[in-house]
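Asker: One file: entry02.txt (compact mmCIF, C-alpha atoms).
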```txt
# COMPACT_ATOMS: atom_id res chain seq x y z
CA MET Y 677 115.38 135.19 116.81
CA THR Y 678 114.25 132.48 114.41
CA LEU Y 679 115.11 134.63 111.38
CA ARG Y 680 118.63 135.26 112.66
CA THR Y 681 119.03 131.55 113.36
CA ALA Y 682 117.86 130.76 109.83
CA PHE Y 683 120.41 133.07 108.22
CA GLY Y 684 123.17 131.91 110.54
CA CYS Y 685 122.52 128.26 109.73
CA GLY Y 686 122.26 129.25 106.06
CA LEU Y 687 125.77 130.69 106.18
CA VAL Y 688 126.99 127.46 107.75
CA ALA Y 689 125.30 125.32 105.09
CA PHE Y 690 126.08 127.44 102.01
CA GLY Y 691 129.28 129.21 103.05
CA PRO Y 692 131.95 126.71 101.90
CA VAL Y 693 130.19 125.81 98.64
CA VAL Y 694 129.51 129.44 97.70
CA ALA Y 695 133.10 130.34 98.58
CA LEU Y 696 134.40 127.62 96.26
CA PHE Y 697 132.13 128.89 93.51
CA LEU Y 698 133.31 132.48 93.89
CA VAL Y 699 136.99 131.52 94.00
CA SER Y 700 137.12 128.87 91.27
CA CYS Y 701 134.19 129.43 88.89
CA ALA Y 702 132.67 132.90 89.12
CA ARG Y 703 135.31 134.54 86.88
CA TYR Y 704 135.23 131.89 84.15
CA PRO Y 705 132.18 131.82 81.83
CA LEU Y 706 132.76 128.30 80.52
CA ARG Y 707 132.99 126.89 84.02
CA ILE Y 708 129.74 128.60 84.92
CA ILE Y 709 128.11 127.00 81.87
CA LEU Y 710 129.34 123.55 82.87
CA LEU Y 711 128.24 124.15 86.46
CA ALA Y 712 124.77 125.21 85.30
CA LEU Y 713 124.59 122.14 83.05
CA SER Y 714 125.47 119.82 85.94
CA ALA Y 715 122.88 121.56 88.13
CA PHE Y 716 120.31 120.99 85.39
CA PHE Y 717 121.20 117.29 85.27
CA TRP Y 718 120.80 117.12 89.05
CA LEU Y 719 117.34 118.71 88.80
CA VAL Y 720 116.37 116.21 86.09
CA GLY Y 721 117.32 113.38 88.43
CA LEU Y 722 115.29 114.96 91.23
CA LEU Y 723 112.31 115.37 88.88
CA ILE Y 724 112.40 111.71 87.84
CA SER Y 725 112.64 110.52 91.44
CA SER Y 726 109.77 112.85 92.41
CA LEU Y 727 107.60 111.42 89.64
CA LEU Y 728 108.37 107.91 90.84
CA TRP Y 729 107.56 108.87 94.43
CA PHE Y 730 104.28 110.44 93.30
CA ALA Y 731 103.35 107.39 91.20
CA VAL Y 732 103.92 104.79 93.93
CA VAL Y 733 101.07 105.82 96.24
CA PRO Y 734 101.44 103.11 98.94
CA LEU Y 735 105.06 104.10 99.67
CA ARG Y 736 104.69 107.87 99.74
CA GLU Y 737 104.97 107.94 103.52
CA GLN Y 738 108.18 105.91 103.51
CA LEU Y 739 111.10 108.33 103.46
CA ALA Y 740 113.62 105.55 102.89
CA PHE Y 741 111.94 104.57 99.62
CA GLY Y 742 112.13 108.05 98.14
CA LEU Y 743 115.63 108.65 99.48
CA VAL Y 744 117.12 105.50 97.96
CA PHE Y 745 115.70 106.15 94.52
CA THR Y 746 116.70 109.81 94.67
CA VAL Y 747 120.32 108.83 95.30
CA LEU Y 748 120.26 106.23 92.53
CA PHE Y 749 118.82 108.69 90.01
CA GLN Y 750 121.43 111.26 91.05
CA GLU Y 751 124.18 108.80 90.26
CA ILE Y 752 122.55 107.91 86.95
CA VAL Y 753 122.40 111.54 85.83
CA ARG Y 754 125.97 112.04 87.04
CA PHE Y 755 127.05 109.23 84.73
CA LEU Y 756 124.98 110.70 81.89
CA TYR Y 757 126.76 114.02 82.42
CA PHE Y 758 130.11 112.23 82.24
CA PHE Y 759 128.97 110.41 79.09
CA LEU Y 760 127.97 113.72 77.51
CA ILE Y 761 131.37 115.23 78.28
CA GLN Y 762 133.07 112.19 76.75
CA LYS Y 763 131.03 112.63 73.57
CA VAL Y 764 131.94 116.32 73.44
CA GLU Y 765 135.61 115.47 73.85
CA SER Y 766 135.42 112.86 71.11
CA GLY Y 767 133.76 115.32 68.74
CA LEU Y 768 136.30 118.05 69.47
CA ARG Y 769 139.19 115.65 68.99
CA SER Y 770 137.81 114.48 65.64
CA LYS Y 771 137.23 118.06 64.50
CA ILE Y 772 140.75 119.14 65.40
CA SER Y 773 142.25 116.03 63.80
CA VAL Y 774 140.47 116.82 60.53
CA THR Y 775 141.58 120.46 60.72
CA GLU Y 776 145.21 119.53 61.36
CA ALA Y 777 145.13 116.98 58.52
CA GLU Y 778 143.87 119.59 56.07
CA ARG Y 779 146.42 122.16 57.18
CA GLU Y 780 149.62 122.26 55.16
CA PRO Y 781 152.69 121.57 57.29
CA ASP Y 782 155.12 124.43 57.76
CA THR Y 783 158.51 123.39 59.10
CA SER Y 784 159.39 126.96 59.98
CA VAL Y 785 156.55 127.19 62.51
CA THR Y 786 156.35 125.13 65.68
CA THR Y 787 152.94 123.45 65.96
CA TYR Y 788 151.38 123.36 69.39
CA ALA Y 789 148.25 121.70 70.71
CA ALA Y 790 144.82 123.07 70.05
CA ASN Y 791 145.10 125.40 73.00
CA SER Y 792 147.83 127.35 74.70
CA GLN Y 793 148.66 127.30 78.38
CA ALA Y 794 147.02 130.69 78.67
CA ASP Y 795 143.72 129.15 77.60
CA VAL Y 796 144.03 126.52 80.32
CA ASP Y 797 144.77 129.06 83.01
CA SER Y 798 142.19 131.63 81.92
CA ASP Y 799 139.18 129.35 81.64
CA ILE Y 800 138.36 125.67 81.52
CA PRO Y 801 139.30 122.91 79.95
CA LEU Y 802 141.71 121.92 77.38
CA VAL Y 803 145.10 120.34 77.98
CA ALA Y 804 147.97 119.78 75.63
CA SER Y 805 148.04 116.00 75.82
CA LYS Y 806 146.50 114.12 72.92
CA LYS Y 807 145.48 111.29 75.25
CA ALA Y 808 143.44 113.62 77.47
CA PHE Y 809 142.04 116.43 75.36
CA LEU Y 810 140.01 117.91 78.21
CA ASN Y 811 141.00 118.62 81.79
CA HIS Y 812 138.90 115.87 83.34
CA ASN Y 813 139.70 116.77 86.94
CA LEU Y 814 138.54 120.35 86.44
CA ILE Y 815 135.35 119.25 84.68
CA ALA Y 816 134.62 116.71 87.42
CA TYR Y 817 135.19 119.37 90.08
CA THR Y 818 132.86 121.79 88.30
CA ALA Y 819 130.19 119.11 87.93
CA GLY Y 820 130.50 118.20 91.59
CA LEU Y 821 130.18 121.85 92.57
CA GLY Y 822 126.95 122.10 90.58
CA PHE Y 823 125.61 118.99 92.31
CA ALA Y 824 126.73 120.39 95.67
CA LEU Y 825 124.98 123.73 95.19
CA MET Y 826 121.68 122.18 94.13
CA GLY Y 827 121.84 119.53 96.84
CA CYS Y 828 122.52 122.14 99.50
CA VAL Y 829 119.63 124.29 98.28
CA THR Y 830 117.10 121.45 98.30
CA GLU Y 831 118.28 120.13 101.67
CA TYR Y 832 118.14 123.53 103.35
CA ILE Y 833 114.78 124.70 101.97
CA PHE Y 834 112.83 122.59 104.46
CA LEU Y 835 115.05 123.69 107.33
CA PHE Y 836 114.68 127.34 106.34
CA SER Y 837 110.89 127.04 106.16
CA GLN Y 838 110.80 125.53 109.64
CA LEU Y 839 113.00 128.26 111.10
CA THR Y 840 111.20 131.24 109.59
CA GLY Y 841 107.66 130.31 110.55
CA PRO Y 842 105.42 132.43 112.77
CA GLY Y 843 106.64 130.58 115.85
CA THR Y 844 109.27 127.88 116.33
CA PRO Y 845 109.44 126.40 119.83
CA MET Y 846 112.92 125.44 120.98
CA GLN Y 847 112.81 122.52 123.40
CA GLY Y 848 115.46 120.73 125.39
CA SER Y 849 118.62 121.88 127.11
CA ARG Y 850 120.21 123.01 123.83
CA PRO Y 851 117.55 124.91 121.87
CA GLY Y 852 118.38 125.28 118.22
CA ALA Y 853 121.19 122.70 118.27
CA PHE Y 854 119.29 120.48 115.84
CA PHE Y 855 119.14 123.26 113.24
CA LEU Y 856 122.88 123.87 113.50
CA LEU Y 857 123.58 120.15 113.13
CA ALA Y 858 121.25 119.97 110.13
CA ALA Y 859 123.09 122.89 108.53
CA LEU Y 860 126.43 121.15 109.14
CA ASP Y 861 125.02 117.96 107.63
CA SER Y 862 123.98 119.87 104.50
CA CYS Y 863 127.39 121.53 104.32
CA PHE Y 864 129.49 118.37 104.49
CA MET Y 865 127.09 116.32 102.37
CA SER Y 866 127.29 118.93 99.62
CA LEU Y 867 131.08 119.13 99.87
CA SER Y 868 131.24 115.35 99.58
CA GLN Y 869 129.47 115.65 96.22
CA ILE Y 870 132.56 117.40 94.84
CA ALA Y 871 134.89 114.63 95.98
CA TRP Y 872 132.53 111.95 94.68
CA SER Y 873 132.38 113.59 91.25
CA VAL Y 874 136.17 113.74 90.98
CA LEU Y 875 136.48 110.09 92.02
CA LEU Y 876 133.59 108.81 89.90
CA PHE Y 877 134.65 110.62 86.74
CA ARG Y 878 138.11 109.12 87.09
CA ALA Y 879 136.67 105.67 87.84
CA TYR Y 880 134.33 105.86 84.84
CA ARG Y 881 137.16 106.95 82.58
CA LEU Y 882 139.57 104.23 83.78
CA ARG Y 883 136.81 101.60 84.17
CA LYS Y 884 137.55 100.96 87.84
CA TYR Y 885 134.31 99.21 88.69
CA LEU Y 886 135.14 98.45 92.32
CA GLN Y 887 135.71 102.14 93.04
CA ILE Y 888 132.41 102.99 91.35
CA VAL Y 889 130.57 100.54 93.59
CA ILE Y 890 132.33 101.82 96.73
CA ILE Y 891 131.57 105.48 96.06
CA ILE Y 892 127.93 104.95 95.09
CA ALA Y 893 127.44 102.66 98.10
CA ALA Y 894 128.97 105.33 100.34
CA HIS Y 895 126.65 107.98 98.90
CA LEU Y 896 123.66 105.72 99.40
CA GLY Y 897 124.75 104.68 102.89
CA LEU Y 898 125.41 108.19 104.17
CA SER Y 899 122.11 109.41 102.76
CA THR Y 900 120.23 106.55 104.39
CA VAL Y 901 121.94 107.06 107.73
CA SER Y 902 120.58 110.63 107.74
CA LEU Y 903 117.22 109.11 108.70
CA VAL Y 904 118.54 108.72 112.26
CA ASN Y 905 117.88 112.44 112.74
CA ASP Y 906 114.41 111.38 113.86
CA LEU Y 907 115.94 109.57 116.83
CA ALA Y 908 116.81 111.09 120.18
CA LEU Y 909 120.20 112.46 121.14
CA PRO Y 910 123.01 111.71 120.48
CA ALA Y 911 121.98 110.36 117.06
CA PRO Y 912 122.14 113.77 115.26
CA GLU Y 913 125.58 114.48 116.73
CA LEU Y 914 126.89 111.07 115.68
CA LEU Y 915 125.52 111.56 112.17
CA CYS Y 916 127.25 114.93 111.88
CA ALA Y 917 130.54 113.43 113.09
CA LEU Y 918 130.20 110.58 110.58
CA LEU Y 919 129.64 113.02 107.71
CA VAL Y 920 132.67 115.09 108.72
CA ILE Y 921 134.94 112.05 108.93
CA SER Y 922 133.70 110.57 105.65
CA PHE Y 923 134.09 113.92 103.88
CA PHE Y 924 137.73 114.31 104.86
CA GLY Y 925 138.36 110.69 103.92
CA PHE Y 926 136.89 111.14 100.43
CA LEU Y 927 138.62 114.51 100.13
CA ALA Y 928 142.02 112.91 100.72
CA TRP Y 929 141.18 110.11 98.28
CA ALA Y 930 140.08 112.57 95.60
CA PHE Y 931 143.16 114.74 96.19
CA PHE Y 932 145.61 111.91 95.56
CA ALA Y 933 143.48 110.39 92.77
CA ALA Y 934 143.60 113.73 90.93
CA GLY Y 935 147.39 113.72 91.08
CA GLY Y 936 147.91 115.75 94.23
CA THR Y 937 150.98 115.32 96.39
CA VAL Y 938 152.10 116.47 99.81
CA ARG Y 939 155.67 116.89 98.65
CA PRO Y 940 156.73 120.46 97.86
CA ARG Y 941 157.13 121.14 94.17
CA LYS Y 942 160.59 122.04 92.99
CA VAL Y 943 160.76 125.18 90.91
CA ALA Y 944 163.54 125.37 88.34
CA ARG Y 945 165.56 128.55 88.52
CA SER Y 946 167.67 129.97 85.76
CA ASP Y 947 170.40 132.42 86.72
```
So that I can check it, write out the structure of this file as structure tokens.

Answerer:
Amino acid sequence: MTLRTAFGCGLVAFGPVVALFLVSCARYPLRIILLALSAFFWLVGLLISSLLWFAVVPLREQLAFGLVFTVLFQEIVRFLYFFLIQKVESGLRSKISVTEAEREPDTSVTTYAANSQADVDSDIPLVASKKAFLNHNLIAYTAGLGFALMGCVTEYIFLFSQLTGPGTPMQGSRPGAFFLLAALDSCFMSLSQIAWSVLLFRAYRLRKYLQIVIIIAAHLGLSTVSLVNDLALPAPELLCALLVISFFGFLAWAFFAAGGTVRPRKVARSD
């Protein structure tokens, strides 16, 4: 029974994130590379926070201490990932500018951008605009997906170990409800990572400092509120509801910030 519960809750926690990976990244090698790179950055942040937690002996038993610094280090490595992408874009732009300057102009041939539309559709990144050499929204989404996958894995490991032990007593009128709520918390917290990456990358690029503070504060606040799981009912249910509401709020914000619209697109027809 506990093993079936563990796999069922695992599908709840990992299902949406894995589905997004299979649909949007699995077929594109460059996106997988960027996703793996973002996951590596996330692990570096977790390693640094773990070293800090291990070094500060008096506060090892305080979950809030480790949680706050883990979130802060996650945001630091997210910014470092963005900074690395900006450096890559700058280097690519300089390289292409030098190449185009050395190339002899040919008026009989129409010169396009460094990539064709087929390149954009087939794999990651490049767009035809000289102002935005890379597709920042796609890179931010891929980075957020890497953060989401690693966050979901680390959050669910403890839950999985508790569920698959030699004996797990289920107490109360709703046995196993806590595990389902914990899986839902992991699911929506990991999905929020994608929206936060899209919003933060845009805020970093446009230097919108107020948005940066709001998003990081929301990440820190939601992570800290998760400590109420130790309290009695209905604290876990309220936490799950809060995570669901906040996720859809950030999802809508990220959708419109990335240029999305609810209006139907008009398709030009040529007869």

Asker: Find the spatial neighbours of stretch 893-899 of chain Y, counting all atoms listed in the file, within a cut-off of 12 Å - ignore same-chain residues fewer than 4 positions away - and output them as a PyMOL selection string.

Answerer: chain Y and resi 739-751+827+831+861-862+864-866+868-873+876+886-889+903-905+914-923+925-926

Asker: Store the residues picked out above, limited to C-alpha atoms, as a compact mmCIF listing (two decimals), in the coordinates of the input.

Answerer:
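Below is the file that was written, again-v3.txt:
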```
# COMPACT_ATOMS: atom_id res chain seq x y z
CA LEU Y 739 111.10 108.33 103.46
CA ALA Y 740 113.62 105.55 102.89
CA PHE Y 741 111.94 104.57 99.62
CA GLY Y 742 112.13 108.05 98.14
CA LEU Y 743 115.63 108.65 99.48
CA VAL Y 744 117.12 105.50 97.96
CA PHE Y 745 115.70 106.15 94.52
CA THR Y 746 116.70 109.81 94.67
CA VAL Y 747 120.32 108.83 95.30
CA LEU Y 748 120.26 106.23 92.53
CA PHE Y 749 118.82 108.69 90.01
CA GLN Y 750 121.43 111.26 91.05
CA GLU Y 751 124.18 108.80 90.26
CA GLY Y 827 121.84 119.53 96.84
CA GLU Y 831 118.28 120.13 101.67
CA ASP Y 861 125.02 117.96 107.63
CA SER Y 862 123.98 119.87 104.50
CA PHE Y 864 129.49 118.37 104.49
CA MET Y 865 127.09 116.32 102.37
CA SER Y 866 127.29 118.93 99.62
CA SER Y 868 131.24 115.35 99.58
CA GLN Y 869 129.47 115.65 96.22
CA ILE Y 870 132.56 117.40 94.84
CA ALA Y 871 134.89 114.63 95.98
CA TRP Y 872 132.53 111.95 94.68
CA SER Y 873 132.38 113.59 91.25
CA LEU Y 876 133.59 108.81 89.90
CA LEU Y 886 135.14 98.45 92.32
CA GLN Y 887 135.71 102.14 93.04
CA ILE Y 888 132.41 102.99 91.35
CA VAL Y 889 130.57 100.54 93.59
CA LEU Y 903 117.22 109.11 108.70
CA VAL Y 904 118.54 108.72 112.26
CA ASN Y 905 117.88 112.44 112.74
CA LEU Y 914 126.89 111.07 115.68
CA LEU Y 915 125.52 111.56 112.17
CA CYS Y 916 127.25 114.93 111.88
CA ALA Y 917 130.54 113.43 113.09
CA LEU Y 918 130.20 110.58 110.58
CA LEU Y 919 129.64 113.02 107.71
CA VAL Y 920 132.67 115.09 108.72
CA ILE Y 921 134.94 112.05 108.93
CA SER Y 922 133.70 110.57 105.65
CA PHE Y 923 134.09 113.92 103.88
CA GLY Y 925 138.36 110.69 103.92
CA PHE Y 926 136.89 111.14 100.43
```

Asker: For atom CA of Y:Phe823 and atom CA of Y:Leu810, determine how far apart the two atoms are, in Å to one decimal place.

Answerer: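 Atom-to-atom, atom CA of Y:Phe823 to atom CA of Y:Leu810, that is 20.2 Å.
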
Asker: Within 12 Å of (134.0, 122.4, 91.8) (file coordinates; all atoms listed in the file), which protein or nucleic acid residues are there? I'd like them as a PyMOL selection string.

Answerer: chain Y and resi 692-702+707-708+710-712+714-715+800+812-825+866-874

Asker: Those same residues, written as a PDB file, in the coordinates of the input with C-alpha atoms?

Answerer:
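Output below, filename result-v3.pdb:
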```pdb
ATOM      1  CA  PRO Y 692     131.950 126.710 101.900  1.00  0.00           C
ATOM      2  CA  VAL Y 693     130.190 125.810  98.640  1.00  0.00           C
ATOM      3  CA  VAL Y 694     129.510 129.440  97.700  1.00  0.00           C
ATOM      4  CA  ALA Y 695     133.100 130.340  98.580  1.00  0.00           C
ATOM      5  CA  LEU Y 696     134.400 127.620  96.260  1.00  0.00           C
ATOM      6  CA  PHE Y 697     132.130 128.890  93.510  1.00  0.00           C
ATOM      7  CA  LEU Y 698     133.310 132.480  93.890  1.00  0.00           C
ATOM      8  CA  VAL Y 699     136.990 131.520  94.000  1.00  0.00           C
ATOM      9  CA  SER Y 700     137.120 128.870  91.270  1.00  0.00           C
ATOM     10  CA  CYS Y 701     134.190 129.430  88.890  1.00  0.00           C
ATOM     11  CA  ALA Y 702     132.670 132.900  89.120  1.00  0.00           C
ATOM     12  CA  ARG Y 707     132.990 126.890  84.020  1.00  0.00           C
ATOM     13  CA  ILE Y 708     129.740 128.600  84.920  1.00  0.00           C
ATOM     14  CA  LEU Y 710     129.340 123.550  82.870  1.00  0.00           C
ATOM     15  CA  LEU Y 711     128.240 124.150  86.460  1.00  0.00           C
ATOM     16  CA  ALA Y 712     124.770 125.210  85.300  1.00  0.00           C
ATOM     17  CA  SER Y 714     125.470 119.820  85.940  1.00  0.00           C
ATOM     18  CA  ALA Y 715     122.880 121.560  88.130  1.00  0.00           C
ATOM     19  CA  ILE Y 800     138.360 125.670  81.520  1.00  0.00           C
ATOM     20  CA  HIS Y 812     138.900 115.870  83.340  1.00  0.00           C
ATOM     21  CA  ASN Y 813     139.700 116.770  86.940  1.00  0.00           C
ATOM     22  CA  LEU Y 814     138.540 120.350  86.440  1.00  0.00           C
ATOM     23  CA  ILE Y 815     135.350 119.250  84.680  1.00  0.00           C
ATOM     24  CA  ALA Y 816     134.620 116.710  87.420  1.00  0.00           C
ATOM     25  CA  TYR Y 817     135.190 119.370  90.080  1.00  0.00           C
ATOM     26  CA  THR Y 818     132.860 121.790  88.300  1.00  0.00           C
ATOM     27  CA  ALA Y 819     130.190 119.110  87.930  1.00  0.00           C
ATOM     28  CA  GLY Y 820     130.500 118.200  91.590  1.00  0.00           C
ATOM     29  CA  LEU Y 821     130.180 121.850  92.570  1.00  0.00           C
ATOM     30  CA  GLY Y 822     126.950 122.100  90.580  1.00  0.00           C
ATOM     31  CA  PHE Y 823     125.610 118.990  92.310  1.00  0.00           C
ATOM     32  CA  ALA Y 824     126.730 120.390  95.670  1.00  0.00           C
ATOM     33  CA  LEU Y 825     124.980 123.730  95.190  1.00  0.00           C
ATOM     34  CA  SER Y 866     127.290 118.930  99.620  1.00  0.00           C
ATOM     35  CA  LEU Y 867     131.080 119.130  99.870  1.00  0.00           C
ATOM     36  CA  SER Y 868     131.240 115.350  99.580  1.00  0.00           C
ATOM     37  CA  GLN Y 869     129.470 115.650  96.220  1.00  0.00           C
ATOM     38  CA  ILE Y 870     132.560 117.400  94.840  1.00  0.00           C
ATOM     39  CA  ALA Y 871     134.890 114.630  95.980  1.00  0.00           C
ATOM     40  CA  TRP Y 872     132.530 111.950  94.680  1.00  0.00           C
ATOM     41  CA  SER Y 873     132.380 113.590  91.250  1.00  0.00           C
ATOM     42  CA  VAL Y 874     136.170 113.740  90.980  1.00  0.00           C
TER      43      VAL Y 874
END
```

Asker: Which one of Y:Phe855, Y:Lys763, Y:Lys771, Y:Ser726 sits closest to Y:Gly684 if you count only C-alpha atoms?

Answerer: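 Closest residue, counting only C-alpha atoms: Y:Phe855.
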
Asker: What's the separation between atom CA of Y:Phe690 and atom CA of Y:Tyr704, in Å to one decimal place?

Answerer: 20.6 Å

Asker: How far is it from atom CA of Y:Thr830 to atom CA of Y:Phe716, in Å with one decimal?

Answerer: 13.3 Å

Asker: I need the residue nearest Y:Leu722 from this list: Y:Met826, Y:Val764, Y:Cys685, Y:Ile772. Use all atoms listed in the file for the distance.

Answerer: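 For Y:Leu722, the nearest of the given residues is Y:Met826.
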
Asker: Considering all atoms listed in the file, state which residue in the set Y:Ile709, Y:Ala853, Y:Leu719, Y:Leu875 is at the smallest distance from Y:Leu927.

Answerer: Y:Leu875

Asker: Using only C-alpha atoms, which of Y:Arg878, Y:Phe717, Y:Gly686, Y:Gln762 sits nearest Y:Phe931?

Answerer: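 So, comparing all the options, the nearest one is Y:Arg878.
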
Asker: Which is closest to Y:Cys863 among Y:Val829, Y:Ile761, Y:Leu727, Y:Ala911, if we use all atoms listed in the file?

Answerer: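 Of Y:Val829, Y:Ile761, Y:Leu727, Y:Ala911, the one nearest Y:Cys863 is Y:Val829, counting all atoms listed in the file.
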
Asker: Since fewer atoms than expected are present, regenerate N, CA and C atoms for stretch 726-744 of chain Y and write them as an mmCIF file, in the coordinates of the input.

Answerer:
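Result saved to result37.cif:
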```cif
data_model
loop_
_atom_site.group_PDB
_atom_site.id
_atom_site.type_symbol
_atom_site.label_atom_id
_atom_site.label_comp_id
_atom_site.auth_asym_id
_atom_site.auth_seq_id
_atom_site.Cartn_x
_atom_site.Cartn_y
_atom_site.Cartn_z
ATOM 1 N N SER Y 726 111.032 112.309 91.879
ATOM 2 C CA SER Y 726 109.770 112.850 92.410
ATOM 3 C C SER Y 726 108.570 112.240 91.700
ATOM 4 N N LEU Y 727 108.692 112.060 90.383
ATOM 5 C CA LEU Y 727 107.600 111.420 89.640
ATOM 6 C C LEU Y 727 107.387 109.981 90.096
ATOM 7 N N LEU Y 728 108.494 109.280 90.356
ATOM 8 C CA LEU Y 728 108.370 107.910 90.840
ATOM 9 C C LEU Y 728 107.723 107.879 92.222
ATOM 10 N N TRP Y 729 108.157 108.801 93.091
ATOM 11 C CA TRP Y 729 107.560 108.870 94.430
ATOM 12 C C TRP Y 729 106.068 109.183 94.347
ATOM 13 N N PHE Y 730 105.689 110.068 93.441
ATOM 14 C CA PHE Y 730 104.280 110.440 93.300
ATOM 15 C C PHE Y 730 103.468 109.287 92.714
ATOM 16 N N ALA Y 731 104.085 108.475 91.861
ATOM 17 C CA ALA Y 731 103.350 107.390 91.200
ATOM 18 C C ALA Y 731 103.104 106.217 92.136
ATOM 19 N N VAL Y 732 104.057 105.935 93.017
ATOM 20 C CA VAL Y 732 103.920 104.790 93.930
ATOM 21 C C VAL Y 732 103.198 105.283 95.190
ATOM 22 N N VAL Y 733 101.886 105.247 95.156
ATOM 23 C CA VAL Y 733 101.070 105.820 96.240
ATOM 24 C C VAL Y 733 101.281 105.107 97.576
ATOM 25 N N PRO Y 734 101.329 103.763 97.628
ATOM 26 C CA PRO Y 734 101.440 103.110 98.940
ATOM 27 C C PRO Y 734 102.717 103.449 99.709
ATOM 28 N N LEU Y 735 103.775 103.861 99.012
ATOM 29 C CA LEU Y 735 105.060 104.100 99.670
ATOM 30 C C LEU Y 735 105.393 105.583 99.813
ATOM 31 N N ARG Y 736 104.410 106.436 99.650
ATOM 32 C CA ARG Y 736 104.690 107.870 99.740
ATOM 33 C C ARG Y 736 105.126 108.285 101.141
ATOM 34 N N GLU Y 737 104.637 107.584 102.138
ATOM 35 C CA GLU Y 737 104.970 107.940 103.520
ATOM 36 C C GLU Y 737 106.293 107.348 103.976
ATOM 37 N N GLN Y 738 106.909 106.531 103.151
ATOM 38 C CA GLN Y 738 108.180 105.910 103.510
ATOM 39 C C GLN Y 738 109.333 106.765 102.985
ATOM 40 N N LEU Y 739 110.008 107.456 103.887
ATOM 41 C CA LEU Y 739 111.100 108.330 103.460
ATOM 42 C C LEU Y 739 112.255 107.536 102.857
ATOM 43 N N ALA Y 740 112.502 106.345 103.382
ATOM 44 C CA ALA Y 740 113.620 105.550 102.890
ATOM 45 C C ALA Y 740 113.438 105.189 101.420
ATOM 46 N N PHE Y 741 112.212 104.916 101.020
ATOM 47 C CA PHE Y 741 111.940 104.570 99.620
ATOM 48 C C PHE Y 741 112.313 105.721 98.694
ATOM 49 N N GLY Y 742 111.810 106.905 98.978
ATOM 50 C CA GLY Y 742 112.130 108.050 98.140
ATOM 51 C C GLY Y 742 113.590 108.425 98.176
ATOM 52 N N LEU Y 743 114.220 108.276 99.346
ATOM 53 C CA LEU Y 743 115.630 108.650 99.480
ATOM 54 C C LEU Y 743 116.522 107.744 98.642
ATOM 55 N N VAL Y 744 116.281 106.445 98.705
ATOM 56 C CA VAL Y 744 117.120 105.500 97.960
ATOM 57 C C VAL Y 744 117.036 105.759 96.467
#
```
